[in-house]
>>> print(open('protein-v9.txt').read())   # compact mmCIF, N, CA and C atoms
# COMPACT_ATOMS: atom_id res chain seq x y z
N MET A 3 0.84 -1.20 0.00
CA MET A 3 0.00 0.00 0.00
C MET A 3 0.87 1.25 0.00
N LYS A 4 1.98 1.22 0.72
CA LYS A 4 2.86 2.39 0.77
C LYS A 4 3.43 2.70 -0.61
N LYS A 5 3.68 1.65 -1.41
CA LYS A 5 4.20 1.85 -2.75
C LYS A 5 3.19 2.63 -3.59
N ALA A 6 1.92 2.31 -3.46
CA ALA A 6 0.87 3.02 -4.21
C ALA A 6 0.81 4.47 -3.77
N ILE A 7 0.94 4.71 -2.49
CA ILE A 7 0.90 6.08 -1.98
C ILE A 7 2.10 6.86 -2.48
N LEU A 8 3.27 6.25 -2.46
CA LEU A 8 4.47 6.92 -2.94
C LEU A 8 4.34 7.28 -4.42
N ILE A 9 3.85 6.36 -5.23
CA ILE A 9 3.66 6.62 -6.66
C ILE A 9 2.68 7.76 -6.86
N ALA A 10 1.59 7.74 -6.11
CA ALA A 10 0.59 8.80 -6.23
C ALA A 10 1.15 10.15 -5.85
N VAL A 11 1.94 10.18 -4.77
CA VAL A 11 2.54 11.44 -4.33
C VAL A 11 3.50 11.97 -5.39
N LEU A 12 4.32 11.10 -5.96
CA LEU A 12 5.26 11.53 -6.98
C LEU A 12 4.56 12.04 -8.23
N MET A 13 3.44 11.45 -8.57
CA MET A 13 2.72 11.83 -9.79
C MET A 13 1.86 13.07 -9.60
N CYS A 14 1.40 13.29 -8.41
CA CYS A 14 0.49 14.42 -8.16
C CYS A 14 1.29 15.60 -7.63
N VAL A 15 1.23 16.69 -8.33
CA VAL A 15 1.92 17.90 -7.90
C VAL A 15 0.87 18.87 -7.39
N ALA A 16 0.67 18.81 -6.10
CA ALA A 16 -0.24 19.73 -5.42
C ALA A 16 -1.61 19.81 -6.07
N LEU A 17 -2.19 18.65 -6.35
CA LEU A 17 -3.54 18.67 -6.91
C LEU A 17 -4.54 18.97 -5.79
N ALA A 18 -5.35 19.94 -6.02
CA ALA A 18 -6.40 20.27 -5.06
C ALA A 18 -7.68 20.45 -5.84
N GLY A 19 -8.80 20.20 -5.20
CA GLY A 19 -10.04 20.35 -5.93
C GLY A 19 -11.23 20.44 -5.02
N LYS A 20 -12.26 21.01 -5.57
CA LYS A 20 -13.49 21.15 -4.80
C LYS A 20 -14.20 19.82 -4.61
N ALA A 21 -13.76 18.78 -5.36
CA ALA A 21 -14.41 17.49 -5.27
C ALA A 21 -13.93 16.68 -4.06
N GLN A 22 -13.01 17.20 -3.31
CA GLN A 22 -12.50 16.47 -2.15
C GLN A 22 -13.60 16.34 -1.10
N SER A 23 -13.63 15.19 -0.46
CA SER A 23 -14.64 14.96 0.58
C SER A 23 -14.33 15.78 1.83
N ALA A 24 -15.36 16.00 2.62
CA ALA A 24 -15.20 16.75 3.88
C ALA A 24 -14.23 16.01 4.80
N PHE A 25 -14.31 14.68 4.83
CA PHE A 25 -13.40 13.89 5.66
C PHE A 25 -11.96 14.15 5.23
N PHE A 26 -11.70 14.09 3.93
CA PHE A 26 -10.35 14.30 3.42
C PHE A 26 -9.84 15.69 3.78
N ARG A 27 -10.66 16.71 3.55
CA ARG A 27 -10.25 18.09 3.87
C ARG A 27 -9.95 18.24 5.35
N SER A 28 -10.71 17.54 6.20
CA SER A 28 -10.47 17.65 7.64
C SER A 28 -9.17 16.97 8.07
N CYS A 29 -8.66 16.06 7.25
CA CYS A 29 -7.42 15.36 7.58
C CYS A 29 -6.18 16.07 7.04
N GLU A 30 -6.36 16.95 6.08
CA GLU A 30 -5.22 17.60 5.42
C GLU A 30 -4.32 18.38 6.38
N ASP A 31 -4.91 18.98 7.40
CA ASP A 31 -4.12 19.79 8.32
C ASP A 31 -3.72 19.05 9.60
N MET A 32 -4.04 17.76 9.68
CA MET A 32 -3.65 16.99 10.86
C MET A 32 -2.15 16.73 10.83
N GLU A 33 -1.51 16.92 11.95
CA GLU A 33 -0.08 16.68 12.06
C GLU A 33 0.21 15.18 11.95
N ASN A 34 1.27 14.83 11.25
CA ASN A 34 1.71 13.44 11.06
C ASN A 34 0.69 12.58 10.32
N VAL A 35 -0.11 13.20 9.47
CA VAL A 35 -1.06 12.48 8.62
C VAL A 35 -0.74 12.85 7.17
N GLU A 36 -0.55 11.83 6.34
CA GLU A 36 -0.27 12.05 4.93
C GLU A 36 -1.57 11.98 4.14
N THR A 37 -1.74 12.91 3.20
CA THR A 37 -2.93 12.90 2.36
C THR A 37 -2.52 13.02 0.90
N VAL A 38 -3.26 12.31 0.04
CA VAL A 38 -3.05 12.37 -1.41
C VAL A 38 -4.42 12.45 -2.07
N TYR A 39 -4.58 13.42 -2.97
CA TYR A 39 -5.81 13.54 -3.77
C TYR A 39 -5.43 13.33 -5.23
N ILE A 40 -6.15 12.47 -5.93
CA ILE A 40 -5.89 12.20 -7.34
C ILE A 40 -7.18 12.48 -8.12
N SER A 41 -7.11 13.40 -9.06
CA SER A 41 -8.27 13.79 -9.85
C SER A 41 -8.53 12.79 -10.98
N LYS A 42 -9.67 12.93 -11.63
CA LYS A 42 -10.04 12.06 -12.74
C LYS A 42 -9.02 12.16 -13.88
N THR A 43 -8.55 13.36 -14.16
CA THR A 43 -7.56 13.55 -15.23
C THR A 43 -6.28 12.81 -14.92
N MET A 44 -5.79 12.94 -13.68
CA MET A 44 -4.56 12.25 -13.30
C MET A 44 -4.77 10.73 -13.30
N LEU A 45 -5.95 10.29 -12.90
CA LEU A 45 -6.24 8.85 -12.91
C LEU A 45 -6.18 8.30 -14.33
N HIS A 46 -6.65 9.06 -15.28
CA HIS A 46 -6.57 8.63 -16.67
C HIS A 46 -5.11 8.44 -17.08
N LEU A 47 -4.24 9.37 -16.69
CA LEU A 47 -2.82 9.24 -16.99
C LEU A 47 -2.20 8.04 -16.30
N VAL A 48 -2.59 7.80 -15.06
CA VAL A 48 -2.09 6.63 -14.32
C VAL A 48 -2.52 5.35 -15.04
N GLY A 49 -3.76 5.32 -15.52
CA GLY A 49 -4.26 4.15 -16.25
C GLY A 49 -3.45 3.87 -17.49
N LEU A 50 -2.99 4.90 -18.16
CA LEU A 50 -2.15 4.72 -19.35
C LEU A 50 -0.79 4.14 -19.00
N MET A 51 -0.34 4.39 -17.74
CA MET A 51 0.99 3.94 -17.32
C MET A 51 0.99 2.53 -16.76
N LYS A 52 -0.16 1.95 -16.50
CA LYS A 52 -0.25 0.59 -15.94
C LYS A 52 0.56 0.45 -14.66
N VAL A 53 0.21 1.26 -13.66
CA VAL A 53 0.90 1.25 -12.38
C VAL A 53 0.64 -0.08 -11.67
N ASP A 54 1.70 -0.69 -11.15
CA ASP A 54 1.59 -1.95 -10.44
C ASP A 54 1.66 -1.68 -8.94
N THR A 55 0.61 -2.04 -8.23
CA THR A 55 0.60 -1.88 -6.78
C THR A 55 0.55 -3.25 -6.13
N GLU A 56 0.98 -3.29 -4.89
CA GLU A 56 1.11 -4.57 -4.19
C GLU A 56 -0.23 -5.20 -3.82
N ASN A 57 -1.17 -4.41 -3.29
CA ASN A 57 -2.39 -4.98 -2.73
C ASN A 57 -3.66 -4.62 -3.47
N PHE A 58 -3.57 -3.79 -4.50
CA PHE A 58 -4.79 -3.24 -5.06
C PHE A 58 -4.61 -3.05 -6.56
N ASP A 59 -5.56 -3.52 -7.37
CA ASP A 59 -5.50 -3.40 -8.82
C ASP A 59 -6.21 -2.12 -9.26
N LEU A 60 -5.50 -1.00 -9.16
CA LEU A 60 -6.07 0.29 -9.50
C LEU A 60 -6.39 0.40 -10.99
N ASN A 61 -5.58 -0.26 -11.82
CA ASN A 61 -5.77 -0.15 -13.26
C ASN A 61 -7.15 -0.62 -13.72
N SER A 62 -7.73 -1.61 -13.06
CA SER A 62 -9.04 -2.11 -13.47
C SER A 62 -10.17 -1.14 -13.15
N LEU A 63 -9.92 -0.17 -12.28
CA LEU A 63 -10.97 0.77 -11.86
C LEU A 63 -10.84 2.16 -12.46
N VAL A 64 -9.70 2.48 -13.03
CA VAL A 64 -9.38 3.85 -13.43
C VAL A 64 -10.47 4.49 -14.29
N ARG A 65 -10.99 3.78 -15.26
CA ARG A 65 -11.99 4.35 -16.16
C ARG A 65 -13.28 4.72 -15.45
N LYS A 66 -13.56 4.11 -14.32
CA LYS A 66 -14.81 4.33 -13.61
C LYS A 66 -14.67 5.29 -12.43
N LEU A 67 -13.46 5.81 -12.20
CA LEU A 67 -13.22 6.65 -11.04
C LEU A 67 -13.28 8.14 -11.38
N ASP A 68 -13.86 8.91 -10.47
CA ASP A 68 -13.83 10.37 -10.57
C ASP A 68 -12.72 10.94 -9.69
N SER A 69 -12.42 10.27 -8.57
CA SER A 69 -11.35 10.73 -7.70
C SER A 69 -10.92 9.60 -6.76
N VAL A 70 -9.69 9.74 -6.28
CA VAL A 70 -9.15 8.85 -5.25
C VAL A 70 -8.55 9.75 -4.18
N GLU A 71 -8.90 9.48 -2.94
CA GLU A 71 -8.35 10.20 -1.80
C GLU A 71 -7.68 9.17 -0.90
N ILE A 72 -6.47 9.45 -0.49
CA ILE A 72 -5.72 8.54 0.37
C ILE A 72 -5.29 9.29 1.62
N VAL A 73 -5.57 8.70 2.77
CA VAL A 73 -5.17 9.29 4.05
C VAL A 73 -4.43 8.21 4.82
N GLU A 74 -3.24 8.55 5.33
CA GLU A 74 -2.44 7.57 6.06
C GLU A 74 -1.90 8.19 7.33
N ALA A 75 -1.94 7.41 8.41
CA ALA A 75 -1.39 7.87 9.68
C ALA A 75 -0.74 6.68 10.39
N GLY A 76 0.28 7.00 11.16
CA GLY A 76 0.96 5.98 11.93
C GLY A 76 1.00 6.36 13.40
N GLY A 77 1.36 5.41 14.23
CA GLY A 77 1.50 5.67 15.67
C GLY A 77 0.21 6.12 16.32
N THR A 78 0.31 7.10 17.20
CA THR A 78 -0.87 7.57 17.93
C THR A 78 -1.86 8.27 17.01
N GLN A 79 -1.39 8.86 15.92
CA GLN A 79 -2.30 9.51 14.98
C GLN A 79 -3.21 8.49 14.29
N ALA A 80 -2.77 7.24 14.19
CA ALA A 80 -3.61 6.19 13.60
C ALA A 80 -4.87 5.99 14.44
N VAL A 81 -4.73 6.07 15.75
CA VAL A 81 -5.88 5.94 16.65
C VAL A 81 -6.82 7.12 16.46
N THR A 82 -6.27 8.33 16.43
CA THR A 82 -7.07 9.54 16.24
C THR A 82 -7.81 9.49 14.90
N LEU A 83 -7.09 9.11 13.85
CA LEU A 83 -7.70 9.00 12.53
C LEU A 83 -8.78 7.93 12.49
N GLY A 84 -8.55 6.82 13.19
CA GLY A 84 -9.54 5.75 13.26
C GLY A 84 -10.84 6.21 13.89
N LYS A 85 -10.74 7.00 14.94
CA LYS A 85 -11.94 7.54 15.60
C LYS A 85 -12.67 8.50 14.67
N LYS A 86 -11.92 9.34 13.98
CA LYS A 86 -12.52 10.29 13.03
C LYS A 86 -13.22 9.52 11.90
N ALA A 87 -12.59 8.47 11.41
CA ALA A 87 -13.18 7.66 10.34
C ALA A 87 -14.46 6.98 10.81
N ALA A 88 -14.45 6.46 12.03
CA ALA A 88 -15.64 5.79 12.56
C ALA A 88 -16.83 6.75 12.61
N THR A 89 -16.58 7.99 12.97
CA THR A 89 -17.63 9.00 13.02
C THR A 89 -18.12 9.36 11.61
N ASN A 90 -17.18 9.52 10.68
CA ASN A 90 -17.53 9.96 9.33
C ASN A 90 -18.17 8.88 8.47
N PHE A 91 -17.81 7.63 8.69
CA PHE A 91 -18.29 6.56 7.82
C PHE A 91 -19.28 5.62 8.50
N HIS A 92 -19.89 6.05 9.60
CA HIS A 92 -20.80 5.18 10.34
C HIS A 92 -22.06 4.81 9.55
N ASN A 93 -22.46 5.63 8.58
CA ASN A 93 -23.68 5.33 7.82
C ASN A 93 -23.38 4.65 6.48
N TYR A 94 -22.18 4.16 6.29
CA TYR A 94 -21.83 3.41 5.09
C TYR A 94 -22.13 1.93 5.32
N GLU A 95 -22.47 1.23 4.26
CA GLU A 95 -22.71 -0.21 4.34
C GLU A 95 -21.38 -0.95 4.29
N LYS A 96 -21.18 -1.90 5.20
CA LYS A 96 -19.95 -2.69 5.18
C LYS A 96 -20.14 -3.82 4.18
N LEU A 97 -19.30 -3.83 3.14
CA LEU A 97 -19.37 -4.87 2.12
C LEU A 97 -18.51 -6.07 2.46
N MET A 98 -17.39 -5.82 3.12
CA MET A 98 -16.44 -6.92 3.31
C MET A 98 -15.47 -6.57 4.43
N THR A 99 -15.08 -7.57 5.19
CA THR A 99 -14.04 -7.44 6.20
C THR A 99 -13.07 -8.60 6.03
N VAL A 100 -11.79 -8.28 6.04
CA VAL A 100 -10.76 -9.32 5.93
C VAL A 100 -9.81 -9.13 7.09
N LYS A 101 -9.55 -10.22 7.83
CA LYS A 101 -8.57 -10.20 8.91
C LYS A 101 -7.49 -11.20 8.57
N ASP A 102 -6.24 -10.70 8.55
CA ASP A 102 -5.10 -11.53 8.20
C ASP A 102 -3.98 -11.20 9.17
N ASP A 103 -3.74 -12.10 10.11
CA ASP A 103 -2.76 -11.86 11.17
C ASP A 103 -3.09 -10.55 11.87
N SER A 104 -2.19 -9.56 11.76
CA SER A 104 -2.42 -8.31 12.47
C SER A 104 -2.99 -7.21 11.57
N GLU A 105 -3.39 -7.57 10.36
CA GLU A 105 -3.94 -6.59 9.42
C GLU A 105 -5.43 -6.82 9.23
N ASN A 106 -6.21 -5.73 9.30
CA ASN A 106 -7.65 -5.78 9.08
C ASN A 106 -7.99 -4.85 7.93
N VAL A 107 -8.83 -5.33 7.02
CA VAL A 107 -9.27 -4.52 5.89
C VAL A 107 -10.79 -4.51 5.88
N ASP A 108 -11.37 -3.31 5.81
CA ASP A 108 -12.82 -3.14 5.68
C ASP A 108 -13.11 -2.40 4.39
N ILE A 109 -14.14 -2.84 3.68
CA ILE A 109 -14.60 -2.13 2.49
C ILE A 109 -16.01 -1.66 2.77
N LEU A 110 -16.21 -0.34 2.70
CA LEU A 110 -17.49 0.28 2.99
C LEU A 110 -18.04 0.91 1.71
N TYR A 111 -19.37 1.07 1.66
CA TYR A 111 -20.02 1.53 0.43
C TYR A 111 -21.17 2.48 0.75
N LYS A 112 -21.31 3.50 -0.12
CA LYS A 112 -22.46 4.39 -0.01
C LYS A 112 -22.81 4.91 -1.40
N ARG A 113 -24.07 4.84 -1.75
CA ARG A 113 -24.54 5.38 -3.03
C ARG A 113 -24.64 6.89 -2.89
N VAL A 114 -24.03 7.63 -3.83
CA VAL A 114 -24.05 9.08 -3.82
C VAL A 114 -25.28 9.59 -4.57
N ASP A 115 -25.50 9.05 -5.76
CA ASP A 115 -26.68 9.36 -6.56
C ASP A 115 -26.96 8.16 -7.45
N LYS A 116 -27.79 8.34 -8.46
CA LYS A 116 -28.21 7.21 -9.30
C LYS A 116 -27.03 6.50 -9.97
N GLU A 117 -26.00 7.26 -10.34
CA GLU A 117 -24.87 6.68 -11.07
C GLU A 117 -23.57 6.59 -10.27
N HIS A 118 -23.42 7.40 -9.24
CA HIS A 118 -22.14 7.48 -8.53
C HIS A 118 -22.19 6.84 -7.15
N ASN A 119 -21.08 6.24 -6.80
CA ASN A 119 -20.93 5.58 -5.50
C ASN A 119 -19.61 6.02 -4.87
N THR A 120 -19.55 5.87 -3.55
CA THR A 120 -18.31 6.10 -2.83
C THR A 120 -17.97 4.83 -2.07
N PHE A 121 -16.71 4.44 -2.17
CA PHE A 121 -16.20 3.27 -1.45
C PHE A 121 -15.07 3.73 -0.55
N VAL A 122 -15.01 3.16 0.62
CA VAL A 122 -13.95 3.45 1.57
C VAL A 122 -13.27 2.13 1.89
N ILE A 123 -11.96 2.08 1.67
CA ILE A 123 -11.17 0.89 1.98
C ILE A 123 -10.24 1.28 3.11
N MET A 124 -10.44 0.68 4.27
CA MET A 124 -9.61 0.97 5.45
C MET A 124 -8.74 -0.24 5.75
N THR A 125 -7.44 0.00 5.80
CA THR A 125 -6.48 -1.04 6.14
C THR A 125 -5.83 -0.65 7.46
N ARG A 126 -6.05 -1.49 8.48
CA ARG A 126 -5.51 -1.23 9.81
C ARG A 126 -4.47 -2.27 10.18
N GLU A 127 -3.34 -1.77 10.63
CA GLU A 127 -2.29 -2.59 11.20
C GLU A 127 -2.05 -2.05 12.61
N PRO A 128 -1.29 -2.75 13.44
CA PRO A 128 -1.12 -2.27 14.82
C PRO A 128 -0.65 -0.82 14.93
N SER A 129 0.21 -0.38 14.02
CA SER A 129 0.73 0.98 14.17
C SER A 129 0.49 1.85 12.93
N GLU A 130 -0.49 1.48 12.10
CA GLU A 130 -0.74 2.25 10.89
C GLU A 130 -2.20 2.09 10.44
N LEU A 131 -2.74 3.17 9.91
CA LEU A 131 -4.09 3.16 9.32
C LEU A 131 -4.02 3.85 7.98
N VAL A 132 -4.51 3.18 6.94
CA VAL A 132 -4.58 3.75 5.61
C VAL A 132 -6.03 3.72 5.17
N ILE A 133 -6.54 4.86 4.71
CA ILE A 133 -7.92 4.97 4.23
C ILE A 133 -7.87 5.43 2.79
N VAL A 134 -8.50 4.66 1.90
CA VAL A 134 -8.59 5.01 0.49
C VAL A 134 -10.06 5.23 0.18
N ILE A 135 -10.38 6.41 -0.35
CA ILE A 135 -11.77 6.76 -0.69
C ILE A 135 -11.87 6.84 -2.21
N LEU A 136 -12.69 5.98 -2.79
CA LEU A 136 -12.89 5.92 -4.23
C LEU A 136 -14.27 6.45 -4.55
N THR A 137 -14.36 7.40 -5.47
CA THR A 137 -15.66 7.93 -5.88
C THR A 137 -15.76 7.84 -7.39
N GLY A 138 -16.90 7.36 -7.88
CA GLY A 138 -17.11 7.25 -9.32
C GLY A 138 -18.30 6.37 -9.65
N THR A 139 -18.31 5.85 -10.86
CA THR A 139 -19.41 5.01 -11.33
C THR A 139 -19.15 3.53 -11.10
N LEU A 140 -18.13 3.21 -10.35
CA LEU A 140 -17.81 1.82 -10.08
C LEU A 140 -18.85 1.18 -9.18
N THR A 141 -18.93 -0.13 -9.26
CA THR A 141 -19.91 -0.91 -8.49
C THR A 141 -19.21 -1.64 -7.35
N PRO A 142 -19.98 -2.16 -6.40
CA PRO A 142 -19.35 -2.97 -5.33
C PRO A 142 -18.56 -4.15 -5.88
N GLU A 143 -19.04 -4.76 -6.93
CA GLU A 143 -18.34 -5.89 -7.52
C GLU A 143 -16.98 -5.48 -8.08
N ASP A 144 -16.92 -4.29 -8.69
CA ASP A 144 -15.64 -3.79 -9.23
C ASP A 144 -14.60 -3.65 -8.13
N VAL A 145 -15.00 -3.11 -7.00
CA VAL A 145 -14.06 -2.87 -5.89
C VAL A 145 -13.57 -4.18 -5.29
N VAL A 146 -14.48 -5.12 -5.09
CA VAL A 146 -14.08 -6.41 -4.52
C VAL A 146 -13.09 -7.11 -5.45
N LYS A 147 -13.34 -7.09 -6.75
CA LYS A 147 -12.43 -7.71 -7.71
C LYS A 147 -11.05 -7.05 -7.66
N ALA A 148 -11.00 -5.74 -7.50
CA ALA A 148 -9.73 -5.02 -7.49
C ALA A 148 -8.89 -5.36 -6.26
N THR A 149 -9.53 -5.75 -5.16
CA THR A 149 -8.78 -6.05 -3.94
C THR A 149 -8.26 -7.48 -3.93
N ARG A 150 -8.62 -8.27 -4.90
CA ARG A 150 -8.19 -9.69 -4.97
C ARG A 150 -6.95 -9.88 -5.79
N LYS A 151 -6.09 -8.92 -5.82
CA LYS A 151 -4.88 -9.01 -6.64
C LYS A 151 -3.92 -10.03 -6.06
>>> encode(input="protein-v9.txt", output="structure tokens")
Amino acid sequence: MKKAILIAVLMCVALAGKAQSAFFRSCEDMENVETVYISKTMLHLVGLMKVDTENFDLNSLVRKLDSVEIVEAGGTQAVTLGKKAATNFHNYEKLMTVKDDSENVDILYKRVDKEHNTFVIMTREPSELVIVILTGTLTPEDVVKATRK
């Protein structure tokens, strides 16, 4: 997951946009929290490059995405971020939970409108929390398939 974040950071040069979620904007100024926003235009370019990530097949979703938001925290900030996430995503439907040794992954879903959905993928380890927010025309089935890399 860190490799995907590093690639996104290197590719995105201060991308900001009004399409960012309230949760993401609230995390941008948190100390010791890394945030990455990737717009639809940048996602199209990433899709052309066939980026290889360790845990997630982003290439299969690129055409259906409007934005990707990534928030990462370690240490004590992971706990703070986890509490903030629980408050912000409490009304999302849980599609899937995976527990593997000390790593837990939750996939949450919420319909935005007739065509658009938001998915939240939270990966928790003992000292790290990574939250990926995907917004676009993708379906729950698309997201589950992408996590089976």
>>> residues_around(input="protein-v9.txt", residues="stretch 132-147 of chain A", least_positions_apart="3", cutoff="6.5 Å", atoms="all atoms listed in the file", output="ChimeraX atom specification")
/A:66-75,117-127,150-151
>>> residues_around(input="protein-v9.txt", residues="stretch 79-90 of chain A", least_positions_apart="5", cutoff="8 Å", atoms="only N, CA and C atoms", output="list in words")
Phe25, Glu33, Asn34, Val35, Glu74, Pro128, Ser129, Glu130, Leu131 and Val132 of chain A
>>> write_last_selection(input="protein-v9.txt", atoms="N, CA and C atoms", output="PDB file, in the coordinates of the input")
ATOM      1  N   PHE A  25     -14.310  14.680   4.830  1.00  0.00           N
ATOM      2  CA  PHE A  25     -13.400  13.890   5.660  1.00  0.00           C
ATOM      3  C   PHE A  25     -11.960  14.150   5.230  1.00  0.00           C
ATOM      4  N   GLU A  33      -1.510  16.920  11.950  1.00  0.00           N
ATOM      5  CA  GLU A  33      -0.080  16.680  12.060  1.00  0.00           C
ATOM      6  C   GLU A  33       0.210  15.180  11.950  1.00  0.00           C
ATOM      7  N   ASN A  34       1.270  14.830  11.250  1.00  0.00           N
ATOM      8  CA  ASN A  34       1.710  13.440  11.060  1.00  0.00           C
ATOM      9  C   ASN A  34       0.690  12.580  10.320  1.00  0.00           C
ATOM     10  N   VAL A  35      -0.110  13.200   9.470  1.00  0.00           N
ATOM     11  CA  VAL A  35      -1.060  12.480   8.620  1.00  0.00           C
ATOM     12  C   VAL A  35      -0.740  12.850   7.170  1.00  0.00           C
ATOM     13  N   GLU A  74      -3.240   8.550   5.330  1.00  0.00           N
ATOM     14  CA  GLU A  74      -2.440   7.570   6.060  1.00  0.00           C
ATOM     15  C   GLU A  74      -1.900   8.190   7.330  1.00  0.00           C
ATOM     16  N   PRO A 128      -1.290  -2.750  13.440  1.00  0.00           N
ATOM     17  CA  PRO A 128      -1.120  -2.270  14.820  1.00  0.00           C
ATOM     18  C   PRO A 128      -0.650  -0.820  14.930  1.00  0.00           C
ATOM     19  N   SER A 129       0.210  -0.380  14.020  1.00  0.00           N
ATOM     20  CA  SER A 129       0.730   0.980  14.170  1.00  0.00           C
ATOM     21  C   SER A 129       0.490   1.850  12.930  1.00  0.00           C
ATOM     22  N   GLU A 130      -0.490   1.480  12.100  1.00  0.00           N
ATOM     23  CA  GLU A 130      -0.740   2.250  10.890  1.00  0.00           C
ATOM     24  C   GLU A 130      -2.200   2.090  10.440  1.00  0.00           C
ATOM     25  N   LEU A 131      -2.740   3.170   9.910  1.00  0.00           N
ATOM     26  CA  LEU A 131      -4.090   3.160   9.320  1.00  0.00           C
ATOM     27  C   LEU A 131      -4.020   3.850   7.980  1.00  0.00           C
ATOM     28  N   VAL A 132      -4.510   3.180   6.940  1.00  0.00           N
ATOM     29  CA  VAL A 132      -4.580   3.750   5.610  1.00  0.00           C
ATOM     30  C   VAL A 132      -6.030   3.720   5.170  1.00  0.00           C
TER      31      VAL A 132
END
>>> closest_residue(input="protein-v9.txt", among="A:Asn93, A:Val48, A:Ser62, A:Gly76", to="A:Glu36", atoms="only C-alpha atoms")
A:Gly76
>>> axis_aligned_box(input="protein-v9.txt", around="stretch 27-34 of chain A", padding_each_side="4 Å", output="AutoDock Vina command-line options")
--center_x -4.5 --center_y 16.2 --center_z 7.8 --size_x 20.4 --size_y 15.2 --size_z 16.5
>>> atom_distance(input="protein-v9.txt", atom1="atom CA of A:Cys29", atom2="atom CA of A:His92")
17.0 Å
>>> select_by_dssp(input="protein-v9.txt", residues="stretch 24-99 of chain A", states="strand (DSSP E)", output="count of residues only")
22
>>> atom_distance(input="protein-v9.txt", atom1="atom N of A:Ser23", atom2="atom N of A:Lys42")
12.1 Å
>>> atom_distance(input="protein-v9.txt", atom1="atom CA of A:Arg113", atom2="atom C of A:Leu97")
14.1 Å
